[in-house]
Amino acid sequence: MDEKLQEIEQRFERLTADLGNPEVIGDRARFSQVAKERAQLEQLVETFREYKRVKADLEGNQALLQDSDTDVRAMAKEELPGLQERLSRLNELLKILLLPKDPNDERSVILEVRAGAGGDEAGLFAAELLRMYLRYAERKGWKFTLMDTSDNAAGGIKDASVTIEGAGIFSYLKYESGVHRVQRVPATEAQGRIHTSTATISVMPEAEDVDIRIDPADIQMDVMRSTGAGGQSVNTTDSAVRLTHKPTGVVVKCQQEKSQIKNRVMALKMLRTKLYEMELEKQQSVRDAQRKSQVGTGDRSEKIRTYNFPQDRLTDHRIGLTRHNLAAVMDGDIEDVIVACRTFFQAEALRQQQAQA
């Protein structure tokens, strides 16, 4: 591992030098590529350098254990456990950072929320989940655009789609896909009985033009008037766009903008992303069949999380996490949950890699 890390550190230093090279600076595409690769290696290299510093300190302390001065030996012995623990933590972190990167981790995402079982209560819960993720995006400084939403009569939503843009967003949100369950007493329940409802979250890495080529002849476009609260001109012109991809039957709709042209552009982005995800899932299924074991969870048929309001408790069933203060959770305070999921699945990937070695 040390040899591989040394090579990566040397590569990082060459990339750093390239950023000061006038030829690279003058080539915008190359400069962007070099800067991106360097940024991807930065955390790994900084961790490796800290690892080397701690290792040198540890070796120095071990040498001091042989010192003739009693006080020096006592001081070295006292510092030894802390240095050993730091070195062990850094060693584990390096193993995780060396895991093969998901090529989609740096992408923006399209997040979809759909009401599941539970009628109107499911729609209300879906709306609350959508708000939770948008509040989380605000906390992270991410840009988001609500592309389409379908309301229900009770003030909730049937489904909604939103784009969330920024660096590394898929790496944060990819483990949110799945069935989310809520347990609480609905406002409409006169007997005070606890109901169970569900909503489904889908997080897809946003596709680029080079990922999926769509034949224009394969697309059927329909235009219609926007629905919902709307605003000036939104509900009075045929600005909403629905695209149907004939070969797959995938349908997307966008009604966010007043301009039909802008809505078509956004709908194409959604369509491209859905087709890209279908291709990724197809590849994943092939890999799973070949090794006869699923890598990771996140299957949308699984119940991944429960929000129990009477007990003020969130439970992530995949990683055994329990979190209280649901009011804060529903207001977007979910960084600890997101990080816990990332850490768990990274550790699981490392375990599987070591088992196959």
# chains A, B, ... in the order shown; residues from 1 in each chain; ligands from 1
>>> residues_around(residues="Leu321 (chain A)", least_positions_apart="4", cutoff="9 Å", atoms="only C-alpha atoms", output="list in words")
Leu314, Thr315, Asp316, His317, Val337, Ala340 and Cys341 of chain A
>>> residues_around(residues="Val265 (chain A)", least_positions_apart="6", cutoff="12 Å", atoms="only C-alpha atoms", output="compact mmCIF listing (two decimals) with N, CA and C atoms, in the first residue's frame")
# COMPACT_ATOMS: atom_id res chain seq x y z
N MET A 147 -38.43 20.82 -10.59
CA MET A 147 -38.74 20.69 -12.00
C MET A 147 -40.20 20.33 -12.26
N MET A 221 -43.22 14.40 -28.02
CA MET A 221 -43.39 15.54 -27.14
C MET A 221 -44.83 16.01 -27.14
N ALA A 240 -46.10 23.71 -20.27
CA ALA A 240 -45.64 22.45 -19.69
C ALA A 240 -45.32 21.46 -20.82
N VAL A 241 -44.27 20.67 -20.61
CA VAL A 241 -43.79 19.73 -21.63
C VAL A 241 -43.74 18.32 -21.06
N ARG A 242 -44.27 17.36 -21.80
CA ARG A 242 -44.15 15.95 -21.43
C ARG A 242 -43.44 15.22 -22.57
N LEU A 243 -42.37 14.51 -22.23
CA LEU A 243 -41.61 13.75 -23.21
C LEU A 243 -41.79 12.26 -22.95
N VAL A 252 -41.33 11.74 -18.85
CA VAL A 252 -40.92 12.81 -17.94
C VAL A 252 -41.75 14.05 -18.25
N LYS A 253 -41.91 14.91 -17.25
CA LYS A 253 -42.67 16.15 -17.44
C LYS A 253 -42.00 17.28 -16.71
N CYS A 254 -42.02 18.46 -17.31
CA CYS A 254 -41.48 19.65 -16.66
C CYS A 254 -42.42 20.82 -16.90
N GLN A 255 -42.77 21.52 -15.83
CA GLN A 255 -43.67 22.67 -15.95
C GLN A 255 -43.17 23.85 -15.12
N GLN A 256 -41.89 23.82 -14.76
CA GLN A 256 -41.36 24.82 -13.85
C GLN A 256 -41.26 26.21 -14.48
N GLU A 257 -40.84 26.25 -15.74
CA GLU A 257 -40.61 27.53 -16.40
C GLU A 257 -41.84 28.01 -17.17
N SER A 259 -41.45 29.35 -20.08
CA SER A 259 -41.09 29.11 -21.47
C SER A 259 -41.17 27.62 -21.80
N LEU A 271 -34.93 13.15 -18.82
CA LEU A 271 -35.03 11.93 -19.61
C LEU A 271 -33.67 11.27 -19.77
N ARG A 272 -32.67 12.08 -20.08
CA ARG A 272 -31.32 11.55 -20.25
C ARG A 272 -30.83 10.89 -18.96
>>> residues_around(residues="Val182 (chain A)", least_positions_apart="6", cutoff="9 Å", atoms="only C-alpha atoms", output="list in words")
Ala122, Phe125, His195, Thr196, Ser197, Thr198, Ala199, Arg305, Thr306, Tyr307, Asn308 and Phe309 of chain A
>>> write_last_selection(atoms="N, CA, C and O atoms", output="PDB file, in the first residue's frame")
ATOM      1  N   ALA A 122     -49.720   9.537   3.044  1.00  0.00           N
ATOM      2  CA  ALA A 122     -48.484   9.256   2.302  1.00  0.00           C
ATOM      3  C   ALA A 122     -48.066  10.471   1.490  1.00  0.00           C
ATOM      4  O   ALA A 122     -46.879  10.795   1.389  1.00  0.00           O
ATOM      5  N   PHE A 125     -46.571  13.045   3.846  1.00  0.00           N
ATOM      6  CA  PHE A 125     -45.227  12.616   4.236  1.00  0.00           C
ATOM      7  C   PHE A 125     -44.240  12.840   3.092  1.00  0.00           C
ATOM      8  O   PHE A 125     -43.110  13.290   3.315  1.00  0.00           O
ATOM      9  N   HIS A 195     -50.945   5.505  12.307  1.00  0.00           N
ATOM     10  CA  HIS A 195     -50.973   4.970  10.954  1.00  0.00           C
ATOM     11  C   HIS A 195     -49.550   4.810  10.426  1.00  0.00           C
ATOM     12  O   HIS A 195     -48.636   5.529  10.839  1.00  0.00           O
ATOM     13  N   THR A 196     -49.384   3.884   9.511  1.00  0.00           N
ATOM     14  CA  THR A 196     -48.097   3.681   8.842  1.00  0.00           C
ATOM     15  C   THR A 196     -48.263   3.992   7.359  1.00  0.00           C
ATOM     16  O   THR A 196     -49.158   3.455   6.702  1.00  0.00           O
ATOM     17  N   SER A 197     -47.446   4.880   6.852  1.00  0.00           N
ATOM     18  CA  SER A 197     -47.472   5.256   5.444  1.00  0.00           C
ATOM     19  C   SER A 197     -46.050   5.231   4.899  1.00  0.00           C
ATOM     20  O   SER A 197     -45.073   5.196   5.664  1.00  0.00           O
ATOM     21  N   THR A 198     -45.930   5.259   3.577  1.00  0.00           N
ATOM     22  CA  THR A 198     -44.599   5.209   2.965  1.00  0.00           C
ATOM     23  C   THR A 198     -44.479   6.217   1.833  1.00  0.00           C
ATOM     24  O   THR A 198     -45.469   6.669   1.255  1.00  0.00           O
ATOM     25  N   ALA A 199     -43.242   6.549   1.540  1.00  0.00           N
ATOM     26  CA  ALA A 199     -42.900   7.357   0.368  1.00  0.00           C
ATOM     27  C   ALA A 199     -41.586   6.810  -0.173  1.00  0.00           C
ATOM     28  O   ALA A 199     -40.771   6.250   0.572  1.00  0.00           O
ATOM     29  N   ARG A 305     -35.750   3.124   6.029  1.00  0.00           N
ATOM     30  CA  ARG A 305     -35.757   4.041   7.172  1.00  0.00           C
ATOM     31  C   ARG A 305     -37.179   4.220   7.697  1.00  0.00           C
ATOM     32  O   ARG A 305     -38.132   4.214   6.924  1.00  0.00           O
ATOM     33  N   THR A 306     -37.291   4.391   9.018  1.00  0.00           N
ATOM     34  CA  THR A 306     -38.587   4.654   9.643  1.00  0.00           C
ATOM     35  C   THR A 306     -38.514   5.943  10.451  1.00  0.00           C
ATOM     36  O   THR A 306     -37.548   6.172  11.184  1.00  0.00           O
ATOM     37  N   TYR A 307     -39.552   6.766  10.313  1.00  0.00           N
ATOM     38  CA  TYR A 307     -39.686   8.016  11.064  1.00  0.00           C
ATOM     39  C   TYR A 307     -40.864   7.819  12.018  1.00  0.00           C
ATOM     40  O   TYR A 307     -42.026   7.896  11.610  1.00  0.00           O
ATOM     41  N   ASN A 308     -40.573   7.535  13.274  1.00  0.00           N
ATOM     42  CA  ASN A 308     -41.602   7.240  14.272  1.00  0.00           C
ATOM     43  C   ASN A 308     -41.849   8.497  15.107  1.00  0.00           C
ATOM     44  O   ASN A 308     -41.059   8.834  15.994  1.00  0.00           O
ATOM     45  N   PHE A 309     -42.956   9.197  14.828  1.00  0.00           N
ATOM     46  CA  PHE A 309     -43.224  10.477  15.485  1.00  0.00           C
ATOM     47  C   PHE A 309     -43.633  10.320  16.948  1.00  0.00           C
ATOM     48  O   PHE A 309     -43.197  11.112  17.791  1.00  0.00           O
TER      49      PHE A 309
END
>>> residues_around(residues="Ile110 (chain A)", least_positions_apart="5", cutoff="6 Å", atoms="only C-alpha atoms", output="PyMOL selection string")
chain A and resi 162-163+203-204
>>> write_last_selection(atoms="N, CA and C atoms", output="PDB file, in the first residue's frame")
ATOM      1  N   VAL A 162     -36.741  17.126  -8.527  1.00  0.00           N
ATOM      2  CA  VAL A 162     -35.922  18.307  -8.286  1.00  0.00           C
ATOM      3  C   VAL A 162     -34.480  18.022  -8.695  1.00  0.00           C
ATOM      4  N   THR A 163     -33.843  18.984  -9.338  1.00  0.00           N
ATOM      5  CA  THR A 163     -32.415  18.859  -9.633  1.00  0.00           C
ATOM      6  C   THR A 163     -31.646  19.533  -8.502  1.00  0.00           C
ATOM      7  N   VAL A 203     -32.720   8.706  -6.090  1.00  0.00           N
ATOM      8  CA  VAL A 203     -31.632   9.656  -6.343  1.00  0.00           C
ATOM      9  C   VAL A 203     -30.821   9.147  -7.533  1.00  0.00           C
ATOM     10  N   MET A 204     -30.812   9.938  -8.603  1.00  0.00           N
ATOM     11  CA  MET A 204     -30.137   9.524  -9.836  1.00  0.00           C
ATOM     12  C   MET A 204     -29.012  10.489 -10.179  1.00  0.00           C
TER      13      MET A 204
END
>>> residues_around(residues="Lys303 (chain A)", least_positions_apart="4", cutoff="7 Å", atoms="only C-alpha atoms", output="list in words")
Gly178, Val179, His180 and Arg181 of chain A
>>> write_last_selection(atoms="N, CA, C and O atoms", output="CSV table (one decimal), in the first residue's frame")
chain,number,residue,atom,x,y,z
A,178,GLY,N,-34.8,4.6,-1.7
A,178,GLY,CA,-35.4,3.5,-1.1
A,178,GLY,C,-36.8,3.9,-0.5
A,178,GLY,O,-37.3,5.0,-0.7
A,179,VAL,N,-37.4,3.0,0.2
A,179,VAL,CA,-38.7,3.2,0.8
A,179,VAL,C,-38.5,3.8,2.2
A,179,VAL,O,-37.9,3.2,3.1
A,180,HIS,N,-39.1,5.0,2.4
A,180,HIS,CA,-39.1,5.6,3.7
A,180,HIS,C,-40.5,5.5,4.4
A,180,HIS,O,-41.5,5.8,3.7
A,181,ARG,N,-40.5,5.1,5.6
A,181,ARG,CA,-41.8,4.8,6.3
A,181,ARG,C,-42.0,5.7,7.4
A,181,ARG,O,-41.1,6.1,8.2
>>> select_by_dssp(residues="region 88-337 of chain A", states="helix (DSSP H, G or I)", output="compact mmCIF listing (two decimals) with N, CA and C atoms, in the first residue's frame")
# COMPACT_ATOMS: atom_id res chain seq x y z
N SER A 88 -3.34 4.05 13.63
CA SER A 88 -4.30 3.02 13.25
C SER A 88 -5.50 3.63 12.53
N ARG A 89 -6.02 4.76 13.07
CA ARG A 89 -7.16 5.43 12.43
C ARG A 89 -6.80 5.92 11.03
N LEU A 90 -5.63 6.50 10.90
CA LEU A 90 -5.19 6.99 9.59
C LEU A 90 -5.00 5.85 8.60
N ASN A 91 -4.50 4.73 9.09
CA ASN A 91 -4.30 3.57 8.23
C ASN A 91 -5.63 3.06 7.67
N GLU A 92 -6.67 3.01 8.53
CA GLU A 92 -8.00 2.58 8.08
C GLU A 92 -8.60 3.59 7.10
N LEU A 93 -8.40 4.87 7.38
CA LEU A 93 -8.92 5.91 6.48
C LEU A 93 -8.26 5.82 5.11
N LEU A 94 -6.97 5.55 5.08
CA LEU A 94 -6.25 5.41 3.81
C LEU A 94 -6.81 4.24 2.99
N LYS A 95 -7.13 3.15 3.67
CA LYS A 95 -7.70 1.99 2.97
C LYS A 95 -9.03 2.36 2.31
N ILE A 96 -9.83 3.14 3.03
CA ILE A 96 -11.13 3.56 2.49
C ILE A 96 -10.94 4.52 1.32
N LEU A 97 -9.99 5.46 1.47
CA LEU A 97 -9.75 6.43 0.40
C LEU A 97 -9.17 5.78 -0.86
N ASP A 120 -53.79 9.84 1.54
CA ASP A 120 -53.44 11.25 1.70
C ASP A 120 -52.27 11.45 2.65
N GLU A 121 -52.20 10.62 3.69
CA GLU A 121 -51.11 10.74 4.66
C GLU A 121 -49.77 10.48 3.99
N ALA A 122 -49.72 9.54 3.04
CA ALA A 122 -48.48 9.26 2.30
C ALA A 122 -48.07 10.47 1.49
N GLY A 123 -49.05 11.17 0.90
CA GLY A 123 -48.75 12.38 0.14
C GLY A 123 -48.21 13.50 1.01
N LEU A 124 -48.76 13.63 2.22
CA LEU A 124 -48.26 14.64 3.16
C LEU A 124 -46.84 14.32 3.59
N PHE A 125 -46.57 13.04 3.85
CA PHE A 125 -45.23 12.62 4.24
C PHE A 125 -44.24 12.84 3.09
N ALA A 126 -44.66 12.55 1.85
CA ALA A 126 -43.80 12.77 0.69
C ALA A 126 -43.41 14.25 0.59
N ALA A 127 -44.38 15.13 0.83
CA ALA A 127 -44.10 16.57 0.79
C ALA A 127 -43.11 16.97 1.87
N GLU A 128 -43.23 16.36 3.05
CA GLU A 128 -42.30 16.67 4.15
C GLU A 128 -40.89 16.16 3.84
N LEU A 129 -40.80 14.98 3.20
CA LEU A 129 -39.48 14.47 2.81
C LEU A 129 -38.83 15.39 1.78
N LEU A 130 -39.63 15.85 0.82
CA LEU A 130 -39.09 16.76 -0.19
C LEU A 130 -38.54 18.01 0.48
N ARG A 131 -39.30 18.57 1.40
CA ARG A 131 -38.83 19.76 2.11
C ARG A 131 -37.56 19.45 2.91
N MET A 132 -37.51 18.28 3.52
CA MET A 132 -36.33 17.89 4.30
C MET A 132 -35.07 17.92 3.45
N TYR A 133 -35.16 17.34 2.24
CA TYR A 133 -33.97 17.31 1.38
C TYR A 133 -33.63 18.70 0.82
N LEU A 134 -34.64 19.52 0.56
CA LEU A 134 -34.36 20.87 0.08
C LEU A 134 -33.74 21.72 1.18
N ARG A 135 -34.20 21.54 2.41
CA ARG A 135 -33.58 22.27 3.54
C ARG A 135 -32.15 21.79 3.75
N TYR A 136 -31.92 20.49 3.58
CA TYR A 136 -30.55 19.98 3.70
C TYR A 136 -29.66 20.58 2.59
N ALA A 137 -30.19 20.66 1.37
CA ALA A 137 -29.45 21.26 0.27
C ALA A 137 -29.09 22.72 0.58
N GLU A 138 -30.03 23.44 1.18
CA GLU A 138 -29.77 24.83 1.57
C GLU A 138 -28.62 24.90 2.58
N ARG A 139 -28.65 24.00 3.56
CA ARG A 139 -27.60 23.98 4.57
C ARG A 139 -26.23 23.71 3.95
N LYS A 140 -26.20 22.89 2.89
CA LYS A 140 -24.94 22.55 2.23
C LYS A 140 -24.51 23.59 1.19
N ILE A 169 -22.40 15.76 -5.02
CA ILE A 169 -23.70 15.57 -4.39
C ILE A 169 -24.15 14.12 -4.41
N PHE A 170 -23.89 13.41 -5.50
CA PHE A 170 -24.33 12.01 -5.56
C PHE A 170 -23.67 11.18 -4.46
N SER A 171 -22.41 11.50 -4.13
CA SER A 171 -21.71 10.75 -3.08
C SER A 171 -22.39 10.93 -1.73
N TYR A 172 -23.08 12.04 -1.54
CA TYR A 172 -23.80 12.29 -0.29
C TYR A 172 -25.17 11.62 -0.28
N LEU A 173 -25.89 11.72 -1.40
CA LEU A 173 -27.31 11.37 -1.39
C LEU A 173 -27.63 9.99 -1.96
N LYS A 174 -26.65 9.29 -2.51
CA LYS A 174 -26.97 8.04 -3.23
C LYS A 174 -27.54 6.96 -2.31
N TYR A 175 -27.26 7.02 -1.02
CA TYR A 175 -27.79 5.99 -0.12
C TYR A 175 -29.18 6.35 0.41
N GLU A 176 -29.76 7.45 -0.08
CA GLU A 176 -31.11 7.85 0.35
C GLU A 176 -32.20 7.17 -0.46
N PRO A 216 -33.68 11.86 -31.69
CA PRO A 216 -34.87 12.71 -31.62
C PRO A 216 -36.13 12.01 -32.13
N ALA A 217 -35.96 11.08 -33.07
CA ALA A 217 -37.13 10.37 -33.61
C ALA A 217 -37.76 9.46 -32.58
N ASP A 218 -37.02 9.14 -31.50
CA ASP A 218 -37.54 8.25 -30.46
C ASP A 218 -38.34 8.99 -29.39
N GLN A 260 -41.88 27.29 -22.88
CA GLN A 260 -41.96 25.90 -23.34
C GLN A 260 -40.58 25.38 -23.72
N ILE A 261 -39.76 26.23 -24.32
CA ILE A 261 -38.42 25.83 -24.74
C ILE A 261 -37.57 25.44 -23.53
N LYS A 262 -37.62 26.27 -22.50
CA LYS A 262 -36.84 25.98 -21.29
C LYS A 262 -37.33 24.70 -20.62
N ASN A 263 -38.63 24.51 -20.59
CA ASN A 263 -39.17 23.28 -20.00
C ASN A 263 -38.73 22.05 -20.79
N ARG A 264 -38.66 22.19 -22.12
CA ARG A 264 -38.22 21.06 -22.95
C ARG A 264 -36.76 20.71 -22.66
N VAL A 265 -35.93 21.73 -22.49
CA VAL A 265 -34.52 21.50 -22.18
C VAL A 265 -34.38 20.76 -20.85
N MET A 266 -35.13 21.20 -19.84
CA MET A 266 -35.07 20.56 -18.53
C MET A 266 -35.65 19.15 -18.58
N ALA A 267 -36.71 18.96 -19.36
CA ALA A 267 -37.28 17.63 -19.49
C ALA A 267 -36.31 16.67 -20.18
N LEU A 268 -35.58 17.16 -21.16
CA LEU A 268 -34.57 16.33 -21.82
C LEU A 268 -33.47 15.92 -20.85
N LYS A 269 -33.12 16.84 -19.96
CA LYS A 269 -32.12 16.52 -18.94
C LYS A 269 -32.62 15.39 -18.04
N MET A 270 -33.88 15.48 -17.64
CA MET A 270 -34.48 14.44 -16.81
C MET A 270 -34.53 13.11 -17.55
N LEU A 271 -34.93 13.15 -18.82
CA LEU A 271 -35.03 11.93 -19.61
C LEU A 271 -33.67 11.27 -19.77
N ARG A 272 -32.67 12.08 -20.08
CA ARG A 272 -31.32 11.55 -20.25
C ARG A 272 -30.83 10.89 -18.96
N THR A 273 -31.13 11.53 -17.84
CA THR A 273 -30.70 10.99 -16.54
C THR A 273 -31.41 9.67 -16.23
N LYS A 274 -32.71 9.58 -16.52
CA LYS A 274 -33.43 8.33 -16.26
C LYS A 274 -32.91 7.19 -17.12
N LEU A 275 -32.63 7.48 -18.39
CA LEU A 275 -32.11 6.44 -19.27
C LEU A 275 -30.71 6.02 -18.84
N TYR A 276 -29.93 6.99 -18.35
CA TYR A 276 -28.58 6.68 -17.86
C TYR A 276 -28.67 5.78 -16.63
N GLU A 277 -29.61 6.08 -15.73
CA GLU A 277 -29.76 5.24 -14.53
C GLU A 277 -30.20 3.83 -14.92
N MET A 278 -31.09 3.72 -15.91
CA MET A 278 -31.52 2.40 -16.36
C MET A 278 -30.34 1.58 -16.87
N GLU A 279 -29.42 2.26 -17.57
CA GLU A 279 -28.24 1.57 -18.08
C GLU A 279 -27.33 1.15 -16.92
N LEU A 280 -27.18 2.03 -15.92
CA LEU A 280 -26.37 1.69 -14.74
C LEU A 280 -26.96 0.49 -14.00
N GLU A 281 -28.29 0.47 -13.85
CA GLU A 281 -28.93 -0.64 -13.14
C GLU A 281 -28.78 -1.94 -13.92
N LYS A 282 -28.83 -1.84 -15.24
CA LYS A 282 -28.63 -3.03 -16.08
C LYS A 282 -27.22 -3.59 -15.87
N GLN A 283 -26.23 -2.69 -15.86
CA GLN A 283 -24.84 -3.13 -15.64
C GLN A 283 -24.68 -3.71 -14.24
N GLN A 284 -25.33 -3.07 -13.25
CA GLN A 284 -25.25 -3.56 -11.87
C GLN A 284 -25.84 -4.96 -11.76
N SER A 285 -26.97 -5.19 -12.43
CA SER A 285 -27.63 -6.51 -12.40
C SER A 285 -26.73 -7.59 -12.98
N VAL A 286 -26.03 -7.23 -14.05
CA VAL A 286 -25.11 -8.19 -14.67
C VAL A 286 -23.98 -8.53 -13.71
N ARG A 287 -23.42 -7.50 -13.07
CA ARG A 287 -22.32 -7.75 -12.12
C ARG A 287 -22.80 -8.57 -10.93
N ASP A 288 -24.00 -8.26 -10.45
CA ASP A 288 -24.54 -9.00 -9.30
C ASP A 288 -24.74 -10.47 -9.65
N ALA A 289 -25.25 -10.73 -10.85
CA ALA A 289 -25.48 -12.11 -11.27
C ALA A 289 -24.17 -12.86 -11.39
N GLN A 290 -23.14 -12.16 -11.84
CA GLN A 290 -21.85 -12.83 -12.04
C GLN A 290 -21.22 -13.24 -10.71
N ARG A 291 -21.30 -12.40 -9.71
CA ARG A 291 -20.66 -12.76 -8.44
C ARG A 291 -21.65 -13.28 -7.41
N LEU A 326 -37.02 14.43 15.76
CA LEU A 326 -37.53 14.38 14.39
C LEU A 326 -37.86 15.77 13.84
N ALA A 327 -38.18 16.72 14.70
CA ALA A 327 -38.47 18.08 14.23
C ALA A 327 -37.26 18.64 13.50
N ALA A 328 -36.06 18.43 14.07
CA ALA A 328 -34.83 18.90 13.43
C ALA A 328 -34.54 18.11 12.16
N VAL A 329 -34.78 16.79 12.21
CA VAL A 329 -34.57 15.95 11.03
C VAL A 329 -35.40 16.44 9.86
N MET A 330 -36.69 16.68 10.09
CA MET A 330 -37.59 17.09 9.01
C MET A 330 -37.28 18.50 8.54
N GLU A 335 -27.24 15.73 8.46
CA GLU A 335 -25.85 15.50 8.08
C GLU A 335 -25.28 14.27 8.79
N ASP A 336 -25.60 14.09 10.07
CA ASP A 336 -25.06 12.94 10.80
C ASP A 336 -25.57 11.63 10.23
N VAL A 337 -26.82 11.61 9.77
CA VAL A 337 -27.39 10.40 9.18
C VAL A 337 -26.72 10.11 7.83
>>> closest_residue(among="A:Leu65, A:Leu99, A:Ala76, A:Leu5", to="Gln352 (chain A)", atoms="only C-alpha atoms")
A:Leu99
>>> select_by_dssp(residues="region 34-254 of chain A", states="strand (DSSP E or B)", output="count of residues only")
60
>>> residues_around(residues="Phe345 (chain A)", least_positions_apart="3", cutoff="9 Å", atoms="only C-alpha atoms", output="ChimeraX atom specification")
/A:175,296-297,319,340-342,348-350
>>> residues_around(residues="region 48-61 of chain A", least_positions_apart="3", cutoff="10 Å", atoms="only C-alpha atoms", output="PyMOL selection string")
chain A and resi 2+5-6+8-9+42-45+64-67+72-73+75-84+86-91+93-94
>>> atom_distance(atom1="CA of Glu189 (chain A)", atom2="CA of His324 (chain A)")
24.2 Å
>>> decode(residues="region 245-251 of chain A", atoms="all heavy atoms", output="PDB file, in the first residue's frame")
ATOM      1  N   HIS A 245     -40.205   8.594 -24.153  1.00  0.00           N
ATOM      2  CA  HIS A 245     -39.167   7.887 -24.903  1.00  0.00           C
ATOM      3  C   HIS A 245     -39.777   6.578 -25.410  1.00  0.00           C
ATOM      4  O   HIS A 245     -40.031   5.652 -24.628  1.00  0.00           O
ATOM      5  CB  HIS A 245     -37.954   7.619 -24.001  1.00  0.00           C
ATOM      6  CG  HIS A 245     -36.782   7.051 -24.728  1.00  0.00           C
ATOM      7  ND1 HIS A 245     -36.279   5.798 -24.469  1.00  0.00           N
ATOM      8  CD2 HIS A 245     -36.012   7.569 -25.724  1.00  0.00           C
ATOM      9  CE1 HIS A 245     -35.250   5.569 -25.254  1.00  0.00           C
ATOM     10  NE2 HIS A 245     -35.065   6.618 -26.021  1.00  0.00           N
ATOM     11  N   LYS A 246     -40.044   6.512 -26.702  1.00  0.00           N
ATOM     12  CA  LYS A 246     -40.806   5.404 -27.276  1.00  0.00           C
ATOM     13  C   LYS A 246     -40.169   4.026 -27.043  1.00  0.00           C
ATOM     14  O   LYS A 246     -40.870   3.073 -26.697  1.00  0.00           O
ATOM     15  CB  LYS A 246     -41.009   5.640 -28.776  1.00  0.00           C
ATOM     16  CG  LYS A 246     -41.813   6.897 -29.093  1.00  0.00           C
ATOM     17  CD  LYS A 246     -41.855   7.140 -30.591  1.00  0.00           C
ATOM     18  CE  LYS A 246     -42.528   8.466 -30.924  1.00  0.00           C
ATOM     19  NZ  LYS A 246     -42.495   8.763 -32.375  1.00  0.00           N
ATOM     20  N   PRO A 247     -38.846   3.869 -27.211  1.00  0.00           N
ATOM     21  CA  PRO A 247     -38.268   2.526 -27.044  1.00  0.00           C
ATOM     22  C   PRO A 247     -38.416   1.958 -25.639  1.00  0.00           C
ATOM     23  O   PRO A 247     -38.536   0.745 -25.457  1.00  0.00           O
ATOM     24  CB  PRO A 247     -36.788   2.731 -27.407  1.00  0.00           C
ATOM     25  CG  PRO A 247     -36.768   3.938 -28.274  1.00  0.00           C
ATOM     26  CD  PRO A 247     -37.841   4.824 -27.729  1.00  0.00           C
ATOM     27  N   THR A 248     -38.385   2.827 -24.610  1.00  0.00           N
ATOM     28  CA  THR A 248     -38.423   2.342 -23.227  1.00  0.00           C
ATOM     29  C   THR A 248     -39.740   2.642 -22.518  1.00  0.00           C
ATOM     30  O   THR A 248     -40.025   2.059 -21.471  1.00  0.00           O
ATOM     31  CB  THR A 248     -37.286   2.979 -22.405  1.00  0.00           C
ATOM     32  OG1 THR A 248     -37.472   4.413 -22.400  1.00  0.00           O
ATOM     33  CG2 THR A 248     -35.925   2.636 -22.991  1.00  0.00           C
ATOM     34  N   GLY A 249     -40.528   3.575 -23.065  1.00  0.00           N
ATOM     35  CA  GLY A 249     -41.762   3.967 -22.399  1.00  0.00           C
ATOM     36  C   GLY A 249     -41.562   4.939 -21.248  1.00  0.00           C
ATOM     37  O   GLY A 249     -42.512   5.263 -20.522  1.00  0.00           O
ATOM     38  N   VAL A 250     -40.342   5.428 -21.037  1.00  0.00           N
ATOM     39  CA  VAL A 250     -40.064   6.379 -19.957  1.00  0.00           C
ATOM     40  C   VAL A 250     -40.739   7.718 -20.268  1.00  0.00           C
ATOM     41  O   VAL A 250     -40.632   8.232 -21.382  1.00  0.00           O
ATOM     42  CB  VAL A 250     -38.543   6.585 -19.781  1.00  0.00           C
ATOM     43  CG1 VAL A 250     -38.269   7.712 -18.788  1.00  0.00           C
ATOM     44  CG2 VAL A 250     -37.888   5.306 -19.305  1.00  0.00           C
ATOM     45  N   VAL A 251     -41.444   8.259 -19.281  1.00  0.00           N
ATOM     46  CA  VAL A 251     -42.150   9.528 -19.443  1.00  0.00           C
ATOM     47  C   VAL A 251     -41.625  10.533 -18.412  1.00  0.00           C
ATOM     48  O   VAL A 251     -41.488  10.197 -17.225  1.00  0.00           O
ATOM     49  CB  VAL A 251     -43.672   9.351 -19.256  1.00  0.00           C
ATOM     50  CG1 VAL A 251     -44.390  10.701 -19.386  1.00  0.00           C
ATOM     51  CG2 VAL A 251     -44.227   8.352 -20.263  1.00  0.00           C
TER      52      VAL A 251
END
